[in-house]
Amino acid sequence: MKRAVFKNRGLPYLLVLPQIAVTLVFFFWPAFESLRLSVFRTSPFGDKTLFVGLENFAKLLSSPDYYRSIVNTFVFAFGVTALGVGAGLFVAALATQRIRGLAVYRTALLWPYGIAPPIAGIIFLFIFHPSYGVLPYWLAFVTSYEFNWLLKGPLAMTLVIIATAWTHIGYNIAFFLAGLLAIPTSVLEAASVDGAGPIRRFRSIVFPLLSPITFYLLVVNLIFSFFGSFGVIHAVTQGGPGNATEIMVFKVYKDGFVGLNLGSSAAQSVLLMIVVIVLTALQFRFVERRVTYT
Amino acid sequence: MSGDGAIAAPARVEALPDVAESPRRRPLDWGSLIVHALLLACVAVIAFPLYYAFVISTQTVEEVVARPPILRPSGNMVQNYVEAWTRAHMARLLWNSAVVAVVSALGKIAISMLSAFAIVYFNFRGKPLAFWMIFVTLMLPVEVRIMSTYEVIGNLGWLNSYAGLTIPLMASATATFLFRQFYLTVPNELVEAAQLDGVGPMRFLWSFLLPLSWANVAALFVVLFIFGWNQYLWPLMITNTEAMRVVVIGLQDIIPRTGTHVPEWNVMMAAAMMALLPPVAVILFMQRWFVKGLIESEK
């Protein structure tokens, strides 16, 4: 469609200027700097830099620590995504039975989204606390496993995954419910007249119709847990015990800010950029497809 | 099934066909009862951590460490909150968080609105480039440009300043796309009529588009407020003074790390409750806007 436009030479540039200025100064320049730094080695005091080509990348890719952080990142991201999307689907499946008061339930499940993951992390840190927490206390009745996340890596990982998923479950639920309520009631009623029970209705009608949303949420949750997860790690485990919860974004920060290894940190940033580009491309493929649906 | 579903989804009301009073309303619907029971169980599980945190924030240290754990509120609430307020410098932290959340949200809305307006209502050279540049910001979250962004802020002399805390957060591809999407739905006739009447572009934006997009602005503001309030990595990097800290970071100082501190988890939880109350209250009281913003800003 041809749109009516205003005729003005300078004004449009003036209008995009603030956005473009912020973008250039705080996005493009630093990204370019990361690319540049990733092929240099900088002395800890920043006074000398030496061109080293791809050495920083080579070192990373041959470092077990880095592989460990990749594995941790995937465990974390898939854990958060599975919990969040799974819970969302579960609630959507329940809500397939159109009951009264869905909006109230949505609100009652959505509010943790307002809680910053680091704060959620602190709350769960106490719930998991080996000496005072309520969870180890209860679980002591059923298992003799010692719930000390300060010593046990997988437990620390579980802690940060649950805390993060807790804040994010409502987001998934909100999307699923919006998608669910967009399915015409007549379709579901027709199915139930034809004798389809609630489970059958969910499996054969609702779930297929929700699949674009499911795919979208999978990607968004992955992006969120790849990149939005720094806070909870920093606040709760600091990557520990050992480096059991050291995920990629935390390692970028640690190596750069704490270890002052700028070259390596920049190289890690570049690798993360590649990840985010792939994930964003996936996300937008979906958006384009959905546009043709509606 | 009556029209309840429609109330449940303000974002998609139009998608629901009107359903007449269903003749199949039974006096006791076991299916619905089970669903209600399961949903209530979900709500209880989701609510428990916050309930527990609140309970702890009302107890004395002895009650906090008591075995078996005490799961009901106690009477020490006021002391704990006062103690947390003074110990963590809550007034300052909350103020900083509020400034960051409000200013970055308003700034984002303003500059996104302007650039979307330029992209939809003008033809200019370099438009595809501008569009592309805005789009690419999606692929450069702060996490992938940590060190170099820090350097840039340092060069600008913006460390420990509100400018540094807010302005770099203001570029937003999603907000820009949201406004662009909305402007594209505004009928052409409106622009043409306005132009015939000699209305200039800025007047058009201010007196026509802005009032029309009010719902979008409100929805976006709620989502961006939450986003800004809960920022972590960014403020952590560029502030290192007590006076400039935001609340999510300031809480770190009072976590009783095992072994070295008196386990004053009651004070910790009181502080946590104060830090999480503003964004949670915003979601609860503005949930219509919030859900709308959440769902539409992702299109």
# chains A, B, ... in the order shown; residues from 1 in each chain; ligands from 1
call {"tool": "interface_residues", "arguments": {"of": "chain B", "to": "chain A", "cutoff": "6 Å", "atoms": "only C-alpha atoms", "output": "list in words"}}
result
Asp4, Ala8, Ala15, Leu16, Val35, Val43, Val65, Ile111, Leu114, Ser115, Ala118, Tyr121, Phe122, Met139, Val144, Arg145, Ser148, Thr149, Pro168, Ala171, Asn230, Tyr232, Leu276, Pro279 and Val280 of chain B
call {"tool": "write_last_selection", "arguments": {"atoms": "C-alpha atoms", "output": "PDB file, in the first residue's frame"}}
result
ATOM      1  CA  ASP B   4     -16.203 -14.878  30.394  1.00  0.00           C
ATOM      2  CA  ALA B   8      -9.977 -12.943  30.233  1.00  0.00           C
ATOM      3  CA  ALA B  15     -10.801 -12.571  18.180  1.00  0.00           C
ATOM      4  CA  LEU B  16     -13.631 -14.142  20.114  1.00  0.00           C
ATOM      5  CA  VAL B  35      -9.417 -27.629  36.401  1.00  0.00           C
ATOM      6  CA  VAL B  43      -1.182 -20.544  41.978  1.00  0.00           C
ATOM      7  CA  VAL B  65      16.590 -20.379  62.066  1.00  0.00           C
ATOM      8  CA  ILE B 111      12.776   8.312  20.643  1.00  0.00           C
ATOM      9  CA  LEU B 114       9.914   9.797  16.664  1.00  0.00           C
ATOM     10  CA  SER B 115      11.925   7.368  14.587  1.00  0.00           C
ATOM     11  CA  ALA B 118       9.983   9.304  10.411  1.00  0.00           C
ATOM     12  CA  TYR B 121       5.481   9.132   7.245  1.00  0.00           C
ATOM     13  CA  PHE B 122       8.499  10.342   5.311  1.00  0.00           C
ATOM     14  CA  MET B 139      21.331  -8.520  18.152  1.00  0.00           C
ATOM     15  CA  VAL B 144      27.822  -9.182  24.248  1.00  0.00           C
ATOM     16  CA  ARG B 145      29.514  -5.800  24.428  1.00  0.00           C
ATOM     17  CA  SER B 148      33.777  -2.008  25.277  1.00  0.00           C
ATOM     18  CA  THR B 149      30.538  -0.331  26.336  1.00  0.00           C
ATOM     19  CA  PRO B 168      22.273   3.938  26.686  1.00  0.00           C
ATOM     20  CA  ALA B 171      17.544   2.551  21.939  1.00  0.00           C
ATOM     21  CA  ASN B 230      15.058  -4.949  36.960  1.00  0.00           C
ATOM     22  CA  TYR B 232      21.252  -5.601  36.618  1.00  0.00           C
ATOM     23  CA  LEU B 276      10.205  -6.234  44.471  1.00  0.00           C
ATOM     24  CA  PRO B 279       7.326  -3.654  39.876  1.00  0.00           C
ATOM     25  CA  VAL B 280       4.962  -6.358  41.133  1.00  0.00           C
TER      26      VAL B 280
END
call {"tool": "residues_around", "arguments": {"residues": "B:Trp206", "least_positions_apart": "6", "cutoff": "12 Å", "atoms": "only C-alpha atoms", "output": "PyMOL selection string"}}
result
chain B and resi 110+113-114+117+199-200+212-214
call {"tool": "residues_around", "arguments": {"residues": "A:Val187", "least_positions_apart": "3", "cutoff": "10 Å", "atoms": "only C-alpha atoms", "output": "VMD selection string"}}
result
chain A and resid 183 to 184 190 to 193 201 205 to 206
call {"tool": "residues_around", "arguments": {"residues": "B:Met273", "least_positions_apart": "2", "cutoff": "12 Å", "atoms": "only C-alpha atoms", "output": "ChimeraX atom specification"}}
result
/A:114-116,119-120,122-123 /B:49-58,77,80-81,84-85,90,94,247-248,251,265-271,275-281
call {"tool": "atom_distance", "arguments": {"atom1": "atom CA of A:Arg41", "atom2": "atom CA of B:Glu143"}}
result
20.6 Å
call {"tool": "closest_atom_pairs", "arguments": {"of": "stretch 110-210 of chain B", "to": "stretch 97-104 of chain B", "cutoff": "9 Å", "atoms": "only C-alpha atoms", "output": "JSON lines"}}
result
{"residue": "B:Tyr162", "atom": "CA", "partner": "B:Val100", "partner_atom": "CA", "distance": 7.3}
{"residue": "B:Leu165", "atom": "CA", "partner": "B:Val100", "partner_atom": "CA", "distance": 6.5}
{"residue": "B:Thr166", "atom": "CA", "partner": "B:Ser104", "partner_atom": "CA", "distance": 5.0}
{"residue": "B:Ile167", "atom": "CA", "partner": "B:Ser104", "partner_atom": "CA", "distance": 6.7}
{"residue": "B:Pro168", "atom": "CA", "partner": "B:Ser104", "partner_atom": "CA", "distance": 8.6}
{"residue": "B:Leu169", "atom": "CA", "partner": "B:Ser104", "partner_atom": "CA", "distance": 6.3}
{"residue": "B:Met170", "atom": "CA", "partner": "B:Ser104", "partner_atom": "CA", "distance": 5.7}
call {"tool": "write_last_selection", "arguments": {"atoms": "N, CA and C atoms", "output": "mmCIF file, in the first residue's frame"}}
result
data_model
loop_
_atom_site.group_PDB
_atom_site.id
_atom_site.type_symbol
_atom_site.label_atom_id
_atom_site.label_comp_id
_atom_site.auth_asym_id
_atom_site.auth_seq_id
_atom_site.Cartn_x
_atom_site.Cartn_y
_atom_site.Cartn_z
ATOM 1 N N TYR B 162 23.267 9.501 36.233
ATOM 2 C CA TYR B 162 21.964 9.085 35.726
ATOM 3 C C TYR B 162 21.977 9.009 34.204
ATOM 4 N N LEU B 165 23.242 5.762 33.329
ATOM 5 C CA LEU B 165 22.311 4.695 33.708
ATOM 6 C C LEU B 165 21.114 4.601 32.781
ATOM 7 N N THR B 166 20.747 5.721 32.156
ATOM 8 C CA THR B 166 19.493 5.701 31.403
ATOM 9 C C THR B 166 19.664 5.823 29.888
ATOM 10 N N ILE B 167 20.456 6.767 29.424
ATOM 11 C CA ILE B 167 20.488 7.056 27.981
ATOM 12 C C ILE B 167 20.890 5.841 27.135
ATOM 13 N N PRO B 168 21.917 5.085 27.536
ATOM 14 C CA PRO B 168 22.273 3.938 26.686
ATOM 15 C C PRO B 168 21.184 2.873 26.617
ATOM 16 N N LEU B 169 20.222 2.913 27.547
ATOM 17 C CA LEU B 169 19.146 1.914 27.503
ATOM 18 C C LEU B 169 18.030 2.330 26.555
ATOM 19 N N MET B 170 18.136 3.547 26.020
ATOM 20 C CA MET B 170 16.961 4.099 25.341
ATOM 21 C C MET B 170 16.750 3.617 23.919
#
call {"tool": "atom_distance", "arguments": {"atom1": "atom CA of A:Val258", "atom2": "atom CA of B:Asn240"}}
result
14.1 Å
call {"tool": "atom_distance", "arguments": {"atom1": "atom CA of A:Ala244", "atom2": "atom CA of B:Leu138"}}
result
29.1 Å
